[in-house]
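Visitor: Following this message is one structure expressed as structure tokens.
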Amino acid sequence: MWHTSDTTPPSALADLLGRTRARVLLHLDEPRSTTDLARRLALSPGTVSQHLGVLNRAGLVSRARYGHTVLYLRSRLGDQLVA
């Protein structure tokens with residue numbers, strides 16, 4: 001695959017989405033919470049939440065509530081974009 005273990009986004013994906021949103025999208029290969037993403041990306045939960053909101057509105061991620069936790073995962077469209 002073209003992405004590295006540190007999930008540095010390819011330049012075209014970063015140009016399209018912005019580097020931070022591209023990194024968030026790349027990390028959503030499995031369900032993750034806002035807090036987990038914030039820790040992995042060294043960002044504040046509020047920043048991650050804003051990016052997830054944009055990605056969700058664009059149809060690139062889906063979300064599901066499990067108790068008090070909301071988990072995010074790349075949608076089929078998001079998977080196609082990073083492929």
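The chains in the structure tokens are called A, B, ... from first to last as shown; in each chain the residues are counted from 1, and the ligands are counted from 1 in the order shown.
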Just want the 10 Å neighbourhood of Val61 in chain A, counted on only C-alpha atoms, with same-chain residues fewer than 3 positions away dropped. Output as a count of residues only.
Guide: 17
Visitor: Rounded to one decimal, what separation in Å do you get between CA of Val24 in chain A and CA of Arg39 in chain A?
Guide: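 The value is 11.5 Å.
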Visitor: Do you have the CA of Gly46 in chain A-CA of Leu17 in chain A distance handy?
Guide: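 So the two atoms, CA of Gly46 in chain A and CA of Leu17 in chain A, lie 18.1 Å apart.
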Visitor: Based on DSSP run over this structure's backbone, return all residues of chain A in helix (DSSP H, G or I), as a ChimeraX atom specification.
Guide: /A:11-17,19-27,34-41,45-57,76-82
Visitor: Just the strand (DSSP E) stuff from chain A, please, per backbone DSSP, written as an MDAnalysis selection string.
Guide: chainID A and resid 32:33 61:66 69:74
Visitor: Please produce an output containing C-alpha atoms for each residue in the selection, written as an mmCIF file, in the first residue's frame.
Guide:
```
data_model
loop_
_atom_site.group_PDB
_atom_site.id
_atom_site.type_symbol
_atom_site.label_atom_id
_atom_site.label_comp_id
_atom_site.auth_asym_id
_atom_site.auth_seq_id
_atom_site.Cartn_x
_atom_site.Cartn_y
_atom_site.Cartn_z
ATOM 1 C CA ARG A 32 -12.154 4.641 16.755
ATOM 2 C CA SER A 33 -13.477 7.192 19.211
ATOM 3 C CA VAL A 61 -17.006 8.421 7.607
ATOM 4 C CA SER A 62 -19.882 6.814 9.441
ATOM 5 C CA ARG A 63 -20.540 6.825 13.150
ATOM 6 C CA ALA A 64 -22.279 4.555 15.611
ATOM 7 C CA ARG A 65 -22.990 5.007 19.309
ATOM 8 C CA TYR A 66 -21.985 2.252 21.718
ATOM 9 C CA THR A 69 -18.964 6.239 23.173
ATOM 10 C CA VAL A 70 -19.341 7.232 19.542
ATOM 11 C CA LEU A 71 -17.142 5.268 17.164
ATOM 12 C CA TYR A 72 -16.177 6.475 13.702
ATOM 13 C CA LEU A 73 -15.174 4.370 10.715
ATOM 14 C CA ARG A 74 -14.382 5.170 7.096
#
```
Visitor: So what do you get for CA of Val48 in chain A versus CA of Arg19 in chain A, distance-wise?
Guide: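 Calculated distance between CA of Val48 in chain A and CA of Arg19 in chain A is 12.5 Å.
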Visitor: Env of Leu26 in chain A: 9 Å cut, atoms = only C-alpha atoms, seq-sep filter 3 positions within chain, self excluded. Answer as a list in words.
Guide: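 Near neighbours after the sequence-gap exclusion: His3, Thr7, Thr8, Pro9, Arg21, Ala22, Arg23, Asp29, Arg74, Gly78, Asp79 and Val82 of chain A.
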Visitor: Write a file of the selected residues as a PDB file, in the first residue's frame, keeping C-alpha atoms.
Guide:
```
ATOM      1  CA  HIS A   3       0.710   4.910   3.034  1.00  0.00           C
ATOM      2  CA  THR A   7      -0.127   7.316   8.292  1.00  0.00           C
ATOM      3  CA  THR A   8       1.381  10.265   6.496  1.00  0.00           C
ATOM      4  CA  PRO A   9      -1.238  11.058   3.874  1.00  0.00           C
ATOM      5  CA  ARG A  21      -8.376  15.585   7.818  1.00  0.00           C
ATOM      6  CA  ALA A  22      -6.448  13.206   5.583  1.00  0.00           C
ATOM      7  CA  ARG A  23      -4.586  11.843   8.621  1.00  0.00           C
ATOM      8  CA  ASP A  29      -9.440   1.835   9.016  1.00  0.00           C
ATOM      9  CA  ARG A  74     -14.382   5.170   7.096  1.00  0.00           C
ATOM     10  CA  GLY A  78     -13.885   7.095   2.328  1.00  0.00           C
ATOM     11  CA  ASP A  79     -12.256   3.737   1.599  1.00  0.00           C
ATOM     12  CA  VAL A  82      -7.822   6.511   0.285  1.00  0.00           C
TER      13      VAL A  82
END
```
Visitor: For each of A:Ser11, A:Gly67, A:His51, A:Gly18, take the minimum atom-to-atom distance to Leu37 in chain A, counting only C-alpha atoms, then give the residue where this is smallest.
Guide: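 Distance minimum relative to Leu37 in chain A lands on A:His51.
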Visitor: Find, counting only C-alpha atoms, the residue in A:Leu81, A:His27, A:Thr34, A:Leu60 that gets nearest to Leu13 in chain A.
Guide: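 For Leu13 in chain A, the nearest of the candidates is A:Leu81.
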